[in-house]
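Okay, so here's the structure we're looking at.
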Amino acid sequence: MQNGYLKVEQSPASRGEVALSGAKNAVLVTIASLILTTGKSVLYNVPASADVFEMIELLRHFGAVIFFDTEHHQLFVDTTLLHAWDVSGAMMKKTRTSILVMGPLLARFGKVRIGGQPGGDAIGKRPIDYHLNNFAKMGVVIYHEGDDLCADVTKLIAAKIVLEYPSVGATENIIMAATRAQGTTKIINAACEPEVFNLIACLTKMGANIKVEAPSTIIVEGVDVLHPVEHTIMFDRLEAGSLLIAAAATGGEIYIPNACADVLDVVLLKLEEMGHAITIGPNNIGIYLKSTQSPRAVSLKTGPYPQFPTDLQAPMMALQSVACGISVIEETVFESRFHHAYELMKMGAAIKIEHNKAIITGVDKLHGAEVVANDIRATMALVVAGLAAQGTTTIAGLHHWKRGYDALENKLQRLGAKVTVHEENHDHSFFPVRPEPVEGNERI
Ligand code: EPU
């Protein structure tokens with residue numbers, strides 16, 4: 001079921017132009033937000049990654065009629081006949097993002113039933129207390145029935161929400177609930193990730209009344225009704241950063257015409273500090289990278305946007321493994337997001353882990369090995385390492401790759417990378433991979 005692996009050979013310098021897909025972390029929440037509307041919406045630039053298919057299945061379970069034109073990356077969603085508000089434990093385990101339907105379901109039905117709380121996963125405990133405690137402030141009654149987590153509310157009430165940490169998911173969930181609450185909700189210390197703003201843009205088109213105040217307060221005035229929308233998902237800044245890092249690992253030269261430099265500032269800064277030359281196109285769109293042949297090691301610390309993204313920490317660690325000198329990478333967002341470090345060590349990387357810091361001494365050469373990826377971004381890190389390593393690297397954990405990226409291996413191959421995907425005992429019902437667009441649902 002979860003078998004399959006990536007095979008990576010030492011590769012020549014990447015060269016060429018590559019276009020980005022839509023952002024996974026923007027599209028999943030945007031699909032969830034359609035629950036707030038009644039009618040037919042269209043999302044553009046939707047990546048065909050496995051997590052997107054899971055979210056589609058979840059909305060179908062609620063009663064949505066959905067057609068995904070994977071060729072044109074367009075998702076047609078009709079939410080007229082939604083009739084269910086339960087998320088099974090199995091679904092919750094498959095994709096933690098299921099928690100993002102909670103706010104919209106509370107707004108639409110005043111109730112939600114979730115089959116057990118999402119457990120911890122490979123990158124940390126990932127609790128949902130910020131979501132639940134703040135829904136409670138908005139008048140939601142939360143209780144357990146057996147293993148199920150239930151939430152009921154007659155009418156959501158606006159509240160002043162103070163987030164102890166700017167959680168992306170909690171910010172998004174509360175904003176969605178607040179769009180239909182009675183009164184004006186203020187979220188203090190809200191997450192300001194670009195994906196949150198992509199969601200706000202979509203909700204605003206639906207008719208929501210949302211303002212943002214410096215430095216990080218989001219103010220949502222509840223409205224009675226939200227309308228179906230047409231909305232374009234932002235390009236994936238994490239895919240952009242990953243492609244730049246992969247190119248740098250091969251000493252290559254690439255151009256990403258649709259990458260927005262404004263959402264990658266600290267990543268670009270770090271690549272420049274390493275000695276790589278970055279050129280930005282007009283209006284800050286389009287990123288060109290020309291690698292240095294003698295990259296310097298740089299240190300960095302992850303944090304909420306606009307700091308260095310935790311989702312690029314793993315690939316950046318792979319890049320530091322072959323840089324000249326010593327770098328220190330401090331992970332502050334998730335408490336255990338260093339599994340990939342131990343896999344990189346199997347490939348000859350010199351890394352010491354001290355609590356939430358990885359101390360990396362650059363080596364001349366990595367060597368291919370059999371390694372395992374435990375989360376989406378670890379797959380990318382091990383691909384980056386494999387491109388630079390002598391010999392062949394096989395990476396188990398293909399399903400993580402497919403969850404996060406839309407056939408990224410094809411883009412890498414076009415740049416010259418020797419990366420191939422090998423499926424084993426493939427089970428389409430669990431990890432649907434680019435299925436035919438129509439699965440019993442008519443086009444809307
Ligand atoms: N946290 C709590 N309580 C909560 C919620 C979060 O303690 O109720 C903690 C988390 O445990 C973590 C920190 O707050 O230590 C940040 O978590 P956040 O809620 O911001 O993360 P998330 O919404 O679960 C999204 C992305 C992640 C990305 C993080 C941080 C999506 C679908 N996921 O997760 O993406 O790493 O924000 O930017 O948007 C990935 O794409 O590989 C990925 C993991």
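Numbering starts fresh at 1 for the residues of each chain in the structure tokens, the chains themselves are lettered A, B, ... in the order given, and ligands are numbered from 1 as they appear.
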
**Request:** Give the helix (DSSP H, G or I) residues of range 70-177 of chain A, as DSSP finds them on the backbone, and put them as a ChimeraX atom specification.
**Result:** /A:89-94,96-109,129-137,168-177

**Request:** Return as a PyMOL selection string the residues of protein, DNA or RNA that approach ligand 1 to within 6 Å, with only C-alpha atoms and all ligand atoms taken into account.
**Result:** chain A and resi 25+97+125-131+167-170+310-311+333-334+376-377

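Minimum atom-to-atom distances from A:Ser327, A:Thr232, A:Thr179, A:Gln313 to Glu195 in chain A were compared using only C-alpha atoms, and the lowest value belongs to A:Thr232.
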
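From CA of Ala158 in chain A back to CA of Lys24 in chain A, the distance works out to 29.2 Å.
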
**Request:** Can you work out which one of A:Gly404, A:Thr332, A:Thr250, A:Val112 has the shortest atom-to-atom distance to Tyr165 in chain A, counting only C-alpha atoms?
**Result:**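 Among the listed residues, the smallest separation from Tyr165 in chain A belongs to A:Thr332.
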
**Request:** Can you list, as a PyMOL selection string, all residues belonging to range 112-209 of chain A that DSSP tags as strand (DSSP E)?
**Result:** chain A and resi 112-114+141-145+148-152+160-162+184-188+209

**Polymer residues at most 10 Å from range 102-107 of chain A, only C-alpha atoms, same-chain spacing of 5 or more positions, as a ChimeraX atom specification** = /A:32-37,62,82,84-87,112-114,131-132,135,140,151-156,170,172-181

**Message:** I need the residue nearest Leu289 in chain A from this list: A:Leu6, A:Met316, A:Val18, A:Ala159. Use only C-alpha atoms for the distance.
**Reply:**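 Looking at the shortest contact to Leu289 in chain A, the residue is A:Val18.
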
**Which of A:Ile233, A:Leu269, A:Ala349, A:Leu300 sits closest to His73 in chain A [using only C-alpha atoms]** =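 Closest candidate: A:Ile233.
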
**Residue neighbourhood Lys290 in chain A, 6 Å, only C-alpha atoms, exclusion window fewer than 3 positions, as a list of chain:residue names** = A:Glu253, A:His276, A:Ala277

Atoms to include: N, CA and C atoms. Write the selected residues as a PDB file, in the first residue's frame.
```
ATOM      1  N   GLU A 253      22.308  25.688 -13.197  1.00  0.00           N
ATOM      2  CA  GLU A 253      21.885  27.034 -13.584  1.00  0.00           C
ATOM      3  C   GLU A 253      20.443  26.910 -14.051  1.00  0.00           C
ATOM      4  N   HIS A 276      25.866  31.572  -4.368  1.00  0.00           N
ATOM      5  CA  HIS A 276      25.093  31.381  -5.598  1.00  0.00           C
ATOM      6  C   HIS A 276      24.571  32.734  -6.086  1.00  0.00           C
ATOM      7  N   ALA A 277      24.568  32.914  -7.398  1.00  0.00           N
ATOM      8  CA  ALA A 277      24.102  34.189  -7.948  1.00  0.00           C
ATOM      9  C   ALA A 277      22.608  34.088  -8.249  1.00  0.00           C
TER      10      ALA A 277
END
```

**Asked** Pick from A:His61, A:Lys418, A:Lys270, A:Lys186: nearest to Glu221 in chain A, with only C-alpha atoms counted?
**Response**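 Between A:His61, A:Lys418, A:Lys270, A:Lys186, the residue approaching Glu221 in chain A most closely is A:Lys186.
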
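Of the residues listed (A:Ala48, A:Ala369, A:Cys324, A:Ala136), A:Ala48 shows the shortest atom-to-atom separation from Ser21 in chain A; distances use only C-alpha atoms.
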
**Prompt:** Can you list, as JSON, numbers by chain, every protein, DNA or RNA residue that comes within 10 Å of Lys346 in chain A when you count only C-alpha atoms, leaving out same-chain residues fewer than 4 positions away?
**Reply:** {"A": [340, 341, 342, 350, 366, 367, 368, 369, 370, 371]}

Please, could you write that set of residues out with N, CA and C atoms as a short mmCIF file (atom, residue, chain, number, x, y, z; two decimals), in the first residue's frame?
```cif
data_model
loop_
_atom_site.label_atom_id
_atom_site.label_comp_id
_atom_site.auth_asym_id
_atom_site.auth_seq_id
_atom_site.Cartn_x
_atom_site.Cartn_y
_atom_site.Cartn_z
N HIS A 340 15.55 13.27 8.71
CA HIS A 340 16.35 13.21 7.46
C HIS A 340 17.84 13.32 7.75
N ALA A 341 18.21 13.97 8.87
CA ALA A 341 19.64 14.13 9.18
C ALA A 341 20.30 12.76 9.33
N TYR A 342 19.58 11.83 9.97
CA TYR A 342 20.16 10.50 10.19
C TYR A 342 20.28 9.75 8.87
N ALA A 350 28.23 14.67 7.48
CA ALA A 350 28.78 14.79 8.85
C ALA A 350 27.88 15.75 9.64
N LEU A 366 29.27 12.98 -0.98
CA LEU A 366 28.35 12.03 -0.36
C LEU A 366 28.38 10.77 -1.23
N HIS A 367 27.89 9.66 -0.67
CA HIS A 367 27.77 8.46 -1.49
C HIS A 367 26.34 7.94 -1.44
N GLY A 368 25.92 7.29 -2.52
CA GLY A 368 24.57 6.76 -2.58
C GLY A 368 24.33 5.73 -1.47
N ALA A 369 23.07 5.60 -1.05
CA ALA A 369 22.72 4.64 0.01
C ALA A 369 21.23 4.33 -0.09
N GLU A 370 20.81 3.32 0.69
CA GLU A 370 19.37 3.06 0.81
C GLU A 370 18.87 3.84 1.99
N VAL A 371 17.96 4.79 1.75
CA VAL A 371 17.50 5.65 2.84
C VAL A 371 15.98 5.68 2.88
#
```
